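Dumped structure_3.tsv below, it's TSV, C-alpha atoms and all ligand atoms:
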chain	number	residue	atom	x	y	z
A	1239	MET	CA	0.00	0.00	0.00
A	1240	LEU	CA	1.50	3.31	-1.07
A	1241	ASP	CA	-0.22	6.15	0.77
A	1242	GLU	CA	-0.51	9.73	-0.55
A	1243	ILE	CA	0.80	9.00	-4.06
A	1244	ASP	CA	-0.27	12.49	-5.18
A	1245	LYS	CA	2.33	14.11	-2.93
A	1246	LEU	CA	5.43	12.71	-4.62
A	1247	GLY	CA	8.34	15.12	-4.56
A	1248	ASN	CA	10.55	15.56	-7.58
A	1249	ASP	CA	13.79	17.49	-7.15
A	1250	PHE	CA	17.57	17.10	-6.91
A	1251	ARG	CA	17.11	14.19	-4.50
A	1252	GLY	CA	15.62	12.11	-7.27
A	1253	ASP	CA	12.36	11.36	-8.97
A	1254	PRO	CA	10.40	8.63	-7.19
A	1255	ALA	CA	7.75	8.77	-9.90
A	1256	ALA	CA	10.21	7.40	-12.44
A	1257	ALA	CA	11.06	4.46	-10.17
A	1258	LEU	CA	7.39	3.82	-9.45
A	1259	LEU	CA	6.74	3.73	-13.17
A	1260	GLU	CA	8.79	0.54	-13.36
A	1261	VAL	CA	7.39	-0.83	-10.10
A	1262	LEU	CA	3.75	-0.41	-11.08
A	1263	ASP	CA	4.03	-1.54	-14.69
A	1264	PRO	CA	3.05	-5.23	-14.90
A	1265	GLU	CA	4.95	-5.55	-18.19
A	1266	GLN	CA	8.24	-4.55	-16.61
A	1267	ASN	CA	8.16	-5.40	-12.94
A	1268	VAL	CA	9.00	-9.10	-13.30
A	1269	SER	CA	12.61	-8.15	-12.67
A	1270	PHE	CA	12.53	-4.83	-10.92
A	1271	GLU	CA	16.01	-3.78	-9.91
A	1272	ASP	CA	16.52	-1.23	-7.18
A	1273	HIS	CA	19.73	0.72	-7.62
A	1274	TYR	CA	20.54	0.48	-3.95
A	1275	VAL	CA	20.03	-3.28	-3.49
A	1276	ASN	CA	21.13	-4.21	-7.00
A	1277	LEU	CA	19.19	-7.46	-7.12
A	1278	PRO	CA	16.22	-8.16	-9.36
A	1279	PHE	CA	12.86	-8.64	-7.62
A	1280	ASP	CA	9.80	-10.23	-9.14
A	1281	LEU	CA	7.00	-7.79	-8.33
A	1282	SER	CA	4.62	-9.10	-10.95
A	1283	ARG	CA	2.41	-10.90	-8.42
A	1284	VAL	CA	2.18	-7.98	-6.02
A	1285	MET	CA	-1.06	-6.04	-6.00
A	1286	PHE	CA	-0.25	-2.44	-5.34
A	1287	ILE	CA	-2.81	-0.15	-3.77
A	1288	THR	CA	-2.17	3.57	-3.75
A	1289	THR	CA	-4.18	6.41	-2.26
A	1290	ALA	CA	-4.48	10.05	-3.19
A	1291	ASN	CA	-6.69	13.04	-2.46
A	1292	VAL	CA	-6.41	14.75	-5.85
A	1293	ARG	CA	-6.33	12.90	-9.13
A	1294	ASP	CA	-4.78	15.82	-11.04
A	1295	ALA	CA	-1.66	15.80	-8.86
A	1296	ILE	CA	-0.74	12.20	-9.78
A	1297	PRO	CA	1.90	12.15	-12.55
A	1298	ALA	CA	0.05	11.26	-15.77
A	1299	PRO	CA	2.22	8.27	-16.78
A	1300	LEU	CA	1.66	6.76	-13.32
A	1301	LEU	CA	-2.06	7.38	-13.46
A	1302	ASP	CA	-2.14	5.65	-16.82
A	1303	ARG	CA	-0.97	2.42	-15.13
A	1304	MET	CA	-3.63	2.53	-12.43
A	1305	GLU	CA	-7.24	1.60	-12.17
A	1306	VAL	CA	-8.93	4.49	-10.37
A	1307	LEU	CA	-11.62	3.93	-7.76
A	1308	GLU	CA	-13.26	7.13	-6.59
A	1309	LEU	CA	-14.49	7.30	-3.03
A	1310	PRO	CA	-16.82	10.24	-2.44
A	1311	GLY	CA	-16.30	12.33	0.70
A	1312	TYR	CA	-18.74	11.82	3.54
A	1313	ILE	CA	-21.95	13.81	3.57
A	1314	THR	CA	-23.26	15.41	6.76
A	1315	HIS	CA	-25.67	12.60	7.46
A	1316	GLU	CA	-22.86	10.02	7.28
A	1317	LYS	CA	-20.55	12.10	9.44
A	1318	ILE	CA	-23.20	12.31	12.16
A	1319	ARG	CA	-23.47	8.52	12.14
A	1320	ILE	CA	-19.68	8.11	12.32
A	1321	ALA	CA	-19.52	10.61	15.17
A	1322	LYS	CA	-22.23	8.87	17.16
A	1323	ARG	CA	-20.87	5.39	16.67
A	1324	PHE	CA	-17.14	6.01	16.92
A	1325	LEU	CA	-15.87	9.52	17.55
A	1326	VAL	CA	-18.00	10.58	20.51
A	1327	PRO	CA	-17.53	7.32	22.47
A	1328	ARG	CA	-13.79	7.39	21.75
A	1329	GLN	CA	-13.31	10.99	22.85
A	1330	ILE	CA	-15.44	10.53	25.94
A	1331	ALA	CA	-13.24	7.60	26.93
A	1332	GLU	CA	-10.04	9.53	26.13
A	1333	SER	CA	-11.02	12.47	28.29
A	1334	GLY	CA	-12.02	10.30	31.25
A	1335	VAL	CA	-15.56	11.69	31.40
A	1336	PRO	CA	-18.12	9.11	32.55
A	1337	ALA	CA	-20.15	8.03	29.51
A	1338	ARG	CA	-23.42	9.16	31.09
A	1339	SER	CA	-22.14	12.68	31.70
A	1340	LEU	CA	-21.85	13.90	28.14
A	1341	ALA	CA	-24.20	13.55	25.19
A	1342	PHE	CA	-24.42	15.24	21.80
A	1343	ASP	CA	-27.69	15.63	19.98
A	1344	ASP	CA	-27.90	15.34	16.17
A	1345	GLU	CA	-28.44	19.05	15.70
A	1346	ALA	CA	-25.20	19.81	17.55
A	1347	LEU	CA	-23.20	17.33	15.46
A	1348	ALA	CA	-24.74	18.65	12.23
A	1349	ARG	CA	-23.77	22.17	13.21
A	1350	ILE	CA	-20.19	21.18	14.00
A	1351	VAL	CA	-19.98	19.56	10.57
A	1352	GLU	CA	-21.53	22.41	8.63
A	1353	ARG	CA	-20.62	25.55	10.55
A	1354	TYR	CA	-17.33	24.68	12.27
A	1355	THR	CA	-15.40	22.19	10.16
A	1356	ARG	CA	-16.38	21.89	6.44
A	1357	GLU	CA	-13.93	19.11	5.53
A	1358	ALA	CA	-13.96	15.95	3.42
A	1359	GLY	CA	-13.08	13.65	6.32
A	1360	VAL	CA	-13.87	13.72	10.01
A	1361	ARG	CA	-10.60	14.84	11.63
A	1362	GLY	CA	-11.80	18.37	12.45
A	1363	LEU	CA	-15.08	16.97	13.70
A	1364	GLU	CA	-13.23	14.63	16.03
A	1365	ARG	CA	-11.04	17.51	17.28
A	1366	ALA	CA	-14.12	19.61	18.04
A	1367	ILE	CA	-15.70	16.71	19.92
A	1368	ALA	CA	-12.42	16.17	21.80
A	1369	SER	CA	-12.30	19.81	22.79
A	1370	ILE	CA	-15.83	19.69	24.20
A	1371	ALA	CA	-15.05	16.45	26.02
A	1372	ARG	CA	-11.98	18.00	27.69
A	1373	LYS	CA	-13.92	21.10	28.72
A	1374	THR	CA	-16.57	18.84	30.19
A	1375	ALA	CA	-13.95	16.89	32.13
A	1376	ARG	CA	-12.60	20.10	33.57
A	1377	ARG	CA	-16.07	21.31	34.53
A	1378	ILE	CA	-16.83	18.07	36.31
A	1379	VAL	CA	-13.55	18.20	38.22
A	1380	GLU	CA	-13.74	21.89	39.14
A	1381	ARG	CA	-17.42	22.33	39.82
A	1382	GLY	CA	-18.79	18.83	40.10
A	1383	ARG	CA	-21.27	19.63	37.32
A	1384	GLY	CA	-22.89	17.14	35.00
A	1385	PRO	CA	-24.41	15.46	33.15
A	1386	LEU	CA	-24.17	17.67	30.13
A	1387	ARG	CA	-26.10	17.75	26.90
A	1388	VAL	CA	-24.59	19.52	23.89
A	1389	THR	CA	-27.35	20.84	21.62
A	1390	GLY	CA	-27.49	23.00	18.53
A	1391	ALA	CA	-28.56	25.88	20.74
A	1392	ASN	CA	-25.78	25.73	23.34
A	1393	LEU	CA	-22.95	24.73	20.98
A	1394	LYS	CA	-21.60	28.28	20.75
A	1395	ARG	CA	-20.80	28.23	24.45
A	1396	TRP	CA	-18.39	25.35	23.83
A	1397	LEU	CA	-16.87	26.15	20.47
A	1398	GLY	CA	-17.22	29.92	20.20
A	1399	PRO	CA	-18.62	31.76	17.19
A	1400	GLU	CA	-19.33	29.76	14.03
A	1401	GLU	CA	-16.48	29.65	11.51
A	1402	TYR	CA	-18.59	29.36	8.35
A	1403	PRO	CA	-21.80	31.25	7.69
A	1404	GLU	CA	-24.90	29.38	6.69
A	1405	GLU	CA	-25.26	29.11	2.93
A	1406	GLU	CA	-28.52	30.52	1.78
A	1407	MET	CA	-30.17	31.06	-1.55
A	1408	LEU	CA	-30.74	34.63	-2.72
A	1409	ALA	CA	-33.71	36.37	-1.18
A	1410	ALA	CA	-35.25	37.32	-4.54
A	1411	PRO	CA	-34.79	36.79	-8.29
A	1412	ALA	CA	-32.24	39.21	-9.74
A	1413	VAL	CA	-31.21	40.24	-13.24
A	1414	GLY	CA	-27.74	38.90	-14.04
A	1415	VAL	CA	-27.28	36.73	-10.93
A	1416	SER	CA	-27.61	32.98	-11.28
A	1417	THR	CA	-27.04	30.19	-8.76
A	1418	GLY	CA	-24.47	27.53	-9.59
A	1419	MET	CA	-23.11	24.61	-7.64
A	1420	ALA	CA	-19.56	23.45	-7.07
A	1421	ARG	CA	-17.84	20.47	-5.59
A	1422	THR	CA	-15.24	21.35	-2.98
A	1423	ALA	CA	-12.83	19.33	-0.87
A	1424	ALA	CA	-15.42	19.48	1.88
A	1425	GLY	CA	-18.39	18.35	-0.20
A	1426	GLY	CA	-20.46	20.77	-2.18
A	1427	THR	CA	-21.45	24.39	-2.13
A	1428	ILE	CA	-23.73	26.74	-4.00
A	1429	LEU	CA	-22.15	29.76	-5.62
A	1430	PHE	CA	-23.48	32.86	-7.27
A	1431	ILE	CA	-22.52	34.03	-10.72
A	1432	GLU	CA	-22.83	37.81	-10.80
A	1433	ALA	CA	-22.95	39.64	-14.11
A	1434	LEU	CA	-23.16	43.40	-14.34
A	1435	PRO	CA	-23.35	45.54	-17.48
A	1436	VAL	CA	-20.85	48.34	-17.85
A	1437	ALA	CA	-20.52	50.69	-20.81
A	1438	GLY	CA	-18.50	49.03	-23.58
A	1439	SER	CA	-18.78	46.90	-26.67
A	1440	GLY	CA	-19.78	43.33	-25.81
A	1441	LYS	CA	-16.57	42.14	-24.14
A	1442	LEU	CA	-16.20	40.14	-20.96
A	1443	LYS	CA	-14.30	41.04	-17.82
A	1444	LEU	CA	-13.78	38.18	-15.36
A	1445	THR	CA	-12.92	38.28	-11.66
A	1446	GLY	CA	-13.18	35.98	-8.65
A	1447	SER	CA	-9.97	33.85	-8.82
A	1448	LEU	CA	-11.15	31.94	-11.87
A	1449	GLY	CA	-8.87	29.36	-13.49
A	1450	ASP	CA	-8.20	29.19	-17.23
A	1451	VAL	CA	-10.80	26.52	-17.93
A	1452	MET	CA	-13.50	28.51	-16.19
A	1453	LYS	CA	-12.50	31.72	-17.97
A	1454	GLU	CA	-12.72	30.00	-21.33
A	1455	SER	CA	-16.07	28.49	-20.51
A	1456	ALA	CA	-17.33	31.99	-19.65
A	1457	GLU	CA	-16.09	33.26	-23.03
A	1458	ALA	CA	-17.83	30.38	-24.77
A	1459	ALA	CA	-21.04	31.05	-22.84
A	1460	LEU	CA	-20.94	34.71	-23.88
A	1461	SER	CA	-20.51	33.84	-27.55
A	1462	PHE	CA	-23.34	31.34	-27.31
A	1463	VAL	CA	-25.67	33.83	-25.64
A	1464	LYS	CA	-24.84	36.49	-28.24
A	1465	SER	CA	-25.64	34.19	-31.12
A	1466	ARG	CA	-28.65	32.43	-29.59
A	1467	TYR	CA	-30.44	35.48	-28.26
A	1468	ALA	CA	-29.74	37.70	-31.22
A	1469	THR	CA	-32.87	39.81	-30.83
A	1470	ALA	CA	-32.78	43.51	-31.58
A	1471	ALA	CA	-32.81	44.31	-27.85
A	1472	ALA	CA	-30.04	41.84	-27.02
A	1473	ASP	CA	-27.90	42.97	-29.95
A	1474	GLY	CA	-28.36	46.55	-28.85
A	1475	PHE	CA	-27.37	45.58	-25.35
A	1476	PHE	CA	-24.10	43.93	-26.36
A	1477	ALA	CA	-23.31	46.72	-28.83
A	1478	SER	CA	-23.21	49.22	-26.01
A	1479	HIS	CA	-22.16	47.17	-22.96
A	1480	ASP	CA	-19.31	45.05	-21.67
A	1481	VAL	CA	-20.17	42.49	-19.05
A	1482	HIS	CA	-18.29	42.19	-15.78
A	1483	LEU	CA	-18.67	38.66	-14.44
A	1484	HIS	CA	-17.69	37.96	-10.87
A	1485	VAL	CA	-17.92	34.79	-8.78
A	1486	PRO	CA	-17.67	35.31	-5.03
A	1487	ALA	CA	-15.98	34.52	-2.71
A	1488	GLY	CA	-13.25	36.43	-4.49
A	1489	ALA	CA	-10.35	34.80	-2.64
A	1490	VAL	CA	-11.42	31.19	-3.20
A	1491	PRO	CA	-9.83	29.75	-6.37
A	1492	LYS	CA	-12.38	28.22	-8.75
A	1493	ASP	CA	-11.91	26.31	-11.94
A	1494	GLY	CA	-13.51	23.79	-14.24
A	1495	PRO	CA	-16.12	23.87	-16.97
A	1496	SER	CA	-19.16	22.89	-14.90
A	1497	ALA	CA	-20.40	26.44	-14.32
A	1498	GLY	CA	-20.90	26.99	-18.08
A	1499	VAL	CA	-24.68	26.64	-17.98
A	1500	ALA	CA	-25.03	28.87	-14.91
A	1501	ILE	CA	-22.84	31.52	-16.55
A	1502	ALA	CA	-24.96	31.36	-19.70
A	1503	ALA	CA	-28.08	31.88	-17.57
A	1504	ALA	CA	-26.61	34.98	-15.90
A	1505	LEU	CA	-25.56	36.43	-19.27
A	1506	ALA	CA	-28.86	35.66	-21.00
A	1507	SER	CA	-30.65	37.26	-18.07
A	1508	LEU	CA	-28.71	40.47	-18.64
A	1509	ALA	CA	-29.16	40.43	-22.39
A	1510	LEU	CA	-32.91	39.85	-22.14
A	1511	GLY	CA	-33.43	41.96	-19.04
A	1512	ARG	CA	-35.22	39.11	-17.27
A	1513	PRO	CA	-34.39	38.06	-13.69
A	1514	VAL	CA	-33.01	34.59	-12.87
A	1515	ARG	CA	-35.12	32.56	-10.46
A	1516	ASN	CA	-33.43	32.46	-7.07
A	1517	ASP	CA	-34.87	29.03	-6.24
A	1518	VAL	CA	-33.20	27.33	-9.22
A	1519	ALA	CA	-29.60	26.09	-9.20
A	1520	LEU	CA	-27.80	25.00	-12.36
A	1521	THR	CA	-24.77	22.93	-13.21
A	1522	GLY	CA	-23.45	21.66	-16.53
A	1523	GLU	CA	-20.71	22.20	-19.04
A	1524	ALA	CA	-21.83	24.22	-22.06
A	1525	THR	CA	-20.35	23.83	-25.51
A	1526	LEU	CA	-20.00	26.76	-27.85
A	1527	THR	CA	-22.93	25.58	-29.92
A	1528	GLY	CA	-25.15	25.16	-26.87
A	1529	LYS	CA	-24.99	21.48	-25.99
A	1530	VAL	CA	-24.91	20.52	-22.31
A	1531	LEU	CA	-22.25	18.03	-21.25
A	1532	PRO	CA	-22.25	16.03	-18.00
A	1533	VAL	CA	-20.33	17.10	-14.88
A	1534	GLY	CA	-18.91	15.49	-11.74
A	1535	GLY	CA	-19.87	15.85	-8.10
A	1536	VAL	CA	-23.63	15.76	-8.65
A	1537	LYS	CA	-24.33	14.18	-5.29
A	1538	GLU	CA	-22.38	16.79	-3.33
A	1539	LYS	CA	-23.82	19.62	-5.40
A	1540	VAL	CA	-27.43	18.53	-4.98
A	1541	ILE	CA	-27.02	18.10	-1.23
A	1542	ALA	CA	-25.54	21.60	-0.95
A	1543	ALA	CA	-28.35	23.11	-3.00
A	1544	HIS	CA	-30.95	21.35	-0.88
A	1545	ARG	CA	-29.33	22.65	2.29
A	1546	ALA	CA	-29.40	26.19	0.91
A	1547	GLY	CA	-33.15	26.03	0.27
A	1548	ILE	CA	-33.10	25.61	-3.51
A	1549	ARG	CA	-36.27	24.06	-4.95
A	1550	GLU	CA	-35.39	23.18	-8.53
A	1551	ILE	CA	-32.15	21.82	-9.97
A	1552	VAL	CA	-31.12	21.87	-13.62
A	1553	LEU	CA	-28.75	19.03	-14.53
A	1554	PRO	CA	-27.24	17.66	-17.75
A	1555	ARG	CA	-29.31	14.78	-19.15
A	1556	LEU	CA	-26.32	12.45	-18.89
A	1557	ASN	CA	-26.14	13.03	-15.13
A	1558	GLU	CA	-29.60	11.60	-14.52
A	1559	LYS	CA	-28.08	8.31	-13.33
A	1560	ASP	CA	-26.19	10.09	-10.53
A	1561	LEU	CA	-29.42	10.78	-8.65
A	1562	GLU	CA	-29.48	7.14	-7.56
A	1563	GLU	CA	-26.64	7.84	-5.12
A	1564	ILE	CA	-28.51	10.63	-3.38
A	1565	PRO	CA	-30.59	9.82	-0.30
A	1566	ASN	CA	-34.34	9.93	-0.86
A	1567	ARG	CA	-35.02	12.40	1.89
A	1568	ILE	CA	-33.02	14.95	-0.11
A	1569	THR	CA	-34.34	14.29	-3.62
A	1570	ARG	CA	-37.92	14.14	-2.39
A	1571	GLY	CA	-38.19	17.87	-1.79
A	1572	LEU	CA	-36.53	18.87	-5.06
A	1573	LYS	CA	-37.64	19.21	-8.65
A	1574	PHE	CA	-35.10	18.04	-11.23
A	1575	ARG	CA	-34.86	19.17	-14.85
A	1576	PHE	CA	-32.57	17.25	-17.16
A	1577	VAL	CA	-31.48	19.21	-20.18
A	1578	ASP	CA	-29.60	18.53	-23.43
A	1579	ARG	CA	-29.35	22.14	-24.56
A	1580	VAL	CA	-28.26	25.36	-22.91
A	1581	ASP	CA	-31.38	27.23	-24.04
A	1582	GLU	CA	-33.59	24.73	-22.19
A	1583	ALA	CA	-31.57	25.36	-19.04
A	1584	VAL	CA	-31.77	29.12	-19.53
A	1585	SER	CA	-35.51	29.11	-20.01
A	1586	ARG	CA	-35.94	27.04	-16.81
A	1587	ALA	CA	-33.79	29.53	-14.94
A	1588	LEU	CA	-35.28	32.78	-16.17
A	1589	ALA	CA	-38.34	33.85	-14.25
A	1590	ALA	CA	-41.41	33.23	-16.39
A	1591	ASP	CA	-43.08	36.57	-15.98
A	1592	GLY	CA	-42.70	39.56	-13.75
A	1593	PRO	CA	-41.77	43.07	-14.68
A	1594	ARG	CA	-38.85	43.73	-16.96
A	1595	PRO	CA	-36.70	45.87	-14.72
A	1596	ALA	CA	-34.77	48.69	-16.30
A	1597	ARG	CA	-31.12	47.87	-16.83
A	1598	ARG	CA	-28.66	49.61	-14.63
A	1599	ALA	CA	-25.60	51.57	-15.88
A	1600	GLY	CA	-24.59	52.42	-19.39
A	1601	LYS	CA	-26.39	53.99	-22.29
A	1602	GLY	CA	-28.73	51.01	-22.94
A	1701	LIG	N1	-16.15	5.45	8.46
A	1701	LIG	C1	-15.45	5.78	9.56
A	1701	LIG	N2	-15.75	5.24	10.73
A	1701	LIG	C2	-15.05	5.60	11.84
A	1701	LIG	N3	-14.04	6.46	11.85
A	1701	LIG	C3	-13.68	7.03	10.70
A	1701	LIG	C4	-14.37	6.73	9.49
A	1701	LIG	N4	-13.81	7.43	8.51
A	1701	LIG	C5	-12.83	8.15	9.07
A	1701	LIG	N5	-12.74	7.91	10.38
A	1701	LIG	C6	-11.80	8.56	11.31
A	1701	LIG	O1	-11.02	9.52	10.58
A	1701	LIG	C7	-9.63	9.26	10.73
A	1701	LIG	C8	-8.93	9.59	9.43
A	1701	LIG	O2	-9.34	8.71	8.42
A	1701	LIG	P1	-8.32	8.16	7.33
A	1701	LIG	O3	-6.97	7.90	7.95
A	1701	LIG	O4	-9.00	7.07	6.61
A	1701	LIG	O5	-8.19	9.42	6.41
A	1701	LIG	P2	-7.63	9.47	4.93
A	1701	LIG	O6	-8.73	9.09	4.01
A	1701	LIG	O7	-6.34	8.72	4.84
A	1701	LIG	O8	-7.38	11.03	4.78
A	1701	LIG	P3	-6.06	11.81	4.31
A	1701	LIG	O9	-6.19	11.91	2.85
A	1701	LIG	O10	-6.21	13.14	4.98
A	1701	LIG	O11	-4.88	11.02	4.77
A	1701	LIG	C9	-9.55	7.81	11.12
A	1701	LIG	O12	-8.45	7.56	11.94
A	1701	LIG	C10	-10.84	7.61	11.90
A	1701	LIG	O13	-10.66	8.02	13.22
A	1702	MG	MG	-4.42	9.14	4.99
How would this structure read if it were set down as C-alpha cells?
Ligand SMILES: Nc1ncnc2c1ncn2[C@@H]1O[C@H](COP(=O)(O)OP(=O)(O)OP(=O)(O)O)[C@@H](O)[C@H]1O
Ligand SMILES: [Mg+2]
Amino acid sequence: MLDEIDKLGNDFRGDPAAALLEVLDPEQNVSFEDHYVNLPFDLSRVMFITTANVRDAIPAPLLDRMEVLELPGYITHEKIRIAKRFLVPRQIAESGVPARSLAFDDEALARIVERYTREAGVRGLERAIASIARKTARRIVERGRGPLRVTGANLKRWLGPEEYPEEEMLAAPAVGVSTGMARTAAGGTILFIEALPVAGSGKLKLTGSLGDVMKESAEAALSFVKSRYATAAADGFFASHDVHLHVPAGAVPKDGPSAGVAIAAALASLALGRPVRNDVALTGEATLTGKVLPVGGVKEKVIAAHRAGIREIVLPRLNEKDLEEIPNRITRGLKFRFVDRVDEAVSRALAADGPRPARRAGKG
C-alpha cells in the first residue's frame, strides 16, 4: 500500500515517480532492480494499492498504469453517524468523562460539521468533539457539574462563534445573478454568478480567482448567448455594454467547466433583461454551440443546493443516473430538470413573468 501517491516530490534528491513507473508496470516489474540493493525482484504478483486526495496531482504516466476507484467524501448525514458510533464514544473515553455525563444531539453534530469544520473527512469533527469532552472533564472536576447535553442551541458556548456562515439562496430573483453549484474538498457548495453591465462593446471582464478553464467556458457562454439570443434588444445591449462577471468569494480559487450553464443563464438574463429565479440552481458544461455536457460531483452539489433552500435543480441529461446515489429524503423535496441544450436550461432559470426591470448603468 503506497499512501498519498499524489504528494510525490521531484527534485535534486531524485524522482520517485520514475522508479514507481517501473514498479507499477506489470509488463516490466518481473525483474525490478533497485539501484541500492542491485538485485532483481519479481513484483509481478504484487497487488499495489495507492491512495491520493487529488487525481490531477498524480503524474500522468503513473495514473495511466492505475485503475482508479473514486471514493466520495462523507456527507453530513454520514458524518453524524460516524460521530455517534465512533468519535463521541472514543473521545469521551479519552477524556475520562463518565459516559453518562456527556451527550451530543444530532443538531449539535450537524452544526459542527456544517458551521465549524467543512472538511472531506472527520478529523476536524473529532477535534471539536475532543475539545468539548476535555472542557466537560474540567467542569466536572472543578465544579462537580454534570451530566451535560450539547445541543445545537448551546454549541456556541463550547466552540465559540461559528467559523462558516450558513449558505442561503438569494432572497429574490435578480437580473444577471444565477445560482451555480460546485464540488469542494469538503463536499459541495452553492455559488453565485454575478454579471453586471458596464458601458463598452460586448466584451467580458472576469474576476473571482477563476482558473483558465472557467474563464474560457465563460467566453464560450458569452458567444453562445450572443448568437442564440440575437434579438434587436439583445444585440443593442451587447453593442453598447461590456459584461463584468464575478464569482464570489473572491479569494477562493475556482476552476472547471461545470459552471458553463449557470454563466450562460446569468448572461442571458442580462441580455434579455429578465431576472433569474433564485430558487433554481444550475450545473453543466456548455459547448459553444449550446450542448450541455455532464459534470462530476452531482451528489455533493445537490445536497448543498438542498441545504441552501433551492427548490429546482437543472442538470445535464447524462447526469440523470447520478441521482441514484442521493438519499431519498433529499431528492424528495426537489424538482429536477434534465437538459440537453443550454437554451432549455436558460428558459428554466429565467423567471417566467414579472416586470422587466430597467437595466442599470450604461447607455442602454
Ligand atoms: N467510516 C469511519 N468510521 C469511523 N471512523 C472514521 C471513518 N472514517 C474516518 N474515520 C476517522 O477519521 C480518521 C482519518 O481517516 P483516514 O486515515 O481514513 O483518512 P484518509 O482518508 O487517509 O485522509 P487523508 O487523505 O487526509 O490522509 C480515522 O483515523 C478515523 O478516526
Ligand atoms: Mg491518509
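Residues of protein or nucleic acid lying within 12 Å of ligand MG 1702 (chain A), counting all atoms listed in the file, are Met1239, Leu1240, Asp1241, Glu1242, Ile1243, Asp1244, Lys1245, Thr1288, Thr1289, Ala1290, Asn1291, Ala1358, Gly1359, Val1360 and Arg1361 of chain A.
Put simply, atom CA of His1484 of chain A is 23.7 Å away from atom CA of Arg1356 of chain A.
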Calculate, to one decimal in Å, the centre and edge lengths of the box along x, y and z of the file that holds all listed atoms of ligand LIG 1701 (chain A) with 8 Å of margin on each side, and present them as lines of an AutoDock Vina configuration file.
center_x = -10.5
center_y = 9.2
center_z = 8.0
size_x = 27.3
size_y = 23.9
size_z = 26.4
Check your understanding: What separation in Å, quoted to one decimal, exists between atom CA of Leu1526 of chain A and atom CA of Ala1423 of chain A?
Key ->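 Rounded to one decimal, the two atoms are 28.9 Å apart.
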Point to revise | Coordinates-based distance that separates atom CA of Gly1426 of chain A from atom CA of Ala1321 of chain A (Å, one decimal) | key: 20.1 Å
Check your understanding: What's the 8 Å shell around segment 1491-1503 of chain A, counting only C-alpha atoms, without same-chain residues fewer than 4 positions away, as JSON, numbers by chain?
Key -> {"A": [1414, 1416, 1417, 1418, 1419, 1420, 1431, 1446, 1447, 1448, 1449, 1450, 1451, 1452, 1455, 1456, 1459, 1460, 1462, 1463, 1507, 1514, 1519, 1520, 1521, 1522, 1523, 1524, 1530, 1533, 1580, 1583, 1584, 1587, 1588]}
For the selection just defined, write its residues with C-alpha atoms to a file, as a CSV table (one decimal), keeping the file's coordinate frame.
chain,number,residue,atom,x,y,z
A,1414,GLY,CA,-27.7,38.9,-14.0
A,1416,SER,CA,-27.6,33.0,-11.3
A,1417,THR,CA,-27.0,30.2,-8.8
A,1418,GLY,CA,-24.5,27.5,-9.6
A,1419,MET,CA,-23.1,24.6,-7.6
A,1420,ALA,CA,-19.6,23.4,-7.1
A,1431,ILE,CA,-22.5,34.0,-10.7
A,1446,GLY,CA,-13.2,36.0,-8.6
A,1447,SER,CA,-10.0,33.8,-8.8
A,1448,LEU,CA,-11.2,31.9,-11.9
A,1449,GLY,CA,-8.9,29.4,-13.5
A,1450,ASP,CA,-8.2,29.2,-17.2
A,1451,VAL,CA,-10.8,26.5,-17.9
A,1452,MET,CA,-13.5,28.5,-16.2
A,1455,SER,CA,-16.1,28.5,-20.5
A,1456,ALA,CA,-17.3,32.0,-19.6
A,1459,ALA,CA,-21.0,31.0,-22.8
A,1460,LEU,CA,-20.9,34.7,-23.9
A,1462,PHE,CA,-23.3,31.3,-27.3
A,1463,VAL,CA,-25.7,33.8,-25.6
A,1507,SER,CA,-30.6,37.3,-18.1
A,1514,VAL,CA,-33.0,34.6,-12.9
A,1519,ALA,CA,-29.6,26.1,-9.2
A,1520,LEU,CA,-27.8,25.0,-12.4
A,1521,THR,CA,-24.8,22.9,-13.2
A,1522,GLY,CA,-23.4,21.7,-16.5
A,1523,GLU,CA,-20.7,22.2,-19.0
A,1524,ALA,CA,-21.8,24.2,-22.1
A,1530,VAL,CA,-24.9,20.5,-22.3
A,1533,VAL,CA,-20.3,17.1,-14.9
A,1580,VAL,CA,-28.3,25.4,-22.9
A,1583,ALA,CA,-31.6,25.4,-19.0
A,1584,VAL,CA,-31.8,29.1,-19.5
A,1587,ALA,CA,-33.8,29.5,-14.9
A,1588,LEU,CA,-35.3,32.8,-16.2
Sorted by chain and rising residue number, list the residues of segment 1505-1550 of chain A at most 10 Å from segment 1471-1483 of chain A (counting all atoms listed in the file), each with its closest atom pair and distance in Å to one decimal, as CSV.
residue,atom,partner,partner_atom,distance
A:Leu1505,CA,A:Val1481,CA,8.1
A:Ala1506,CA,A:Ala1472,CA,8.7
A:Leu1508,CA,A:Phe1475,CA,8.5
A:Ala1509,CA,A:Ala1472,CA,4.9
A:Leu1510,CA,A:Ala1472,CA,6.0
A:Gly1511,CA,A:Ala1472,CA,8.7
Review point. If you count only C-alpha atoms, which residues fall within 7 Å of Gly1425 of chain A, apart from same-chain ones fewer than 6 positions away, as a list in words?
Key: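 Neighbouring residues, sequence-local ones excluded: Gly1311, Ile1313, Ala1358 and Glu1538 of chain A.
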Practice item. Within 9 Å of Leu1408 of chain A, counting all atoms listed in the file, which residues show up once you throw out same-chain ones fewer than 5 positions away? Write them as a PyMOL selection string, please. Key: chain A and resi 1417+1430+1516-1517
Check your understanding: Could you name the residues that touch Pro1299 of chain A at 12 Å or less, counting all atoms listed in the file, but leaving out those on the same chain fewer than 6 positions away, as a count of residues only?
Key -> 8
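Using all atoms listed in the file, the nearest neighbour of ligand LIG 1701 (chain A) within the list A:Leu1301, A:Ala1368, A:Ala1346, A:Met1285 is A:Ala1368.
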Check your understanding: So which one's closest to ligand LIG 1701 (chain A), A:Leu1363, A:Val1490, A:Val1284, A:Ala1341? Using all atoms listed in the file, please.
Key ->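 Selected residue with least distance to ligand LIG 1701 (chain A): A:Leu1363.
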Review point. Can you list, as a PyMOL selection string, every protein, DNA or RNA residue that comes within 10 Å of Ile1548 of chain A when you count only C-alpha atoms, leaving out same-chain residues fewer than 4 positions away?
Key: chain A and resi 1406-1408+1417+1428+1516-1519+1540-1544+1571-1573
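Using all atoms listed in the file, the shortest contact distance between ligand LIG 1701 (chain A) and any of A:Glu1454, A:Glu1380, A:Glu1308, A:Glu1582 is found at A:Glu1308.
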Point to revise | Nearest residue to Gly1390 of chain A from the set A:Val1351, A:Val1415, A:Met1304, A:Ala1409 (distances using all atoms listed in the file) | key: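 Smallest separation from Gly1390 of chain A among the options: A:Val1351.
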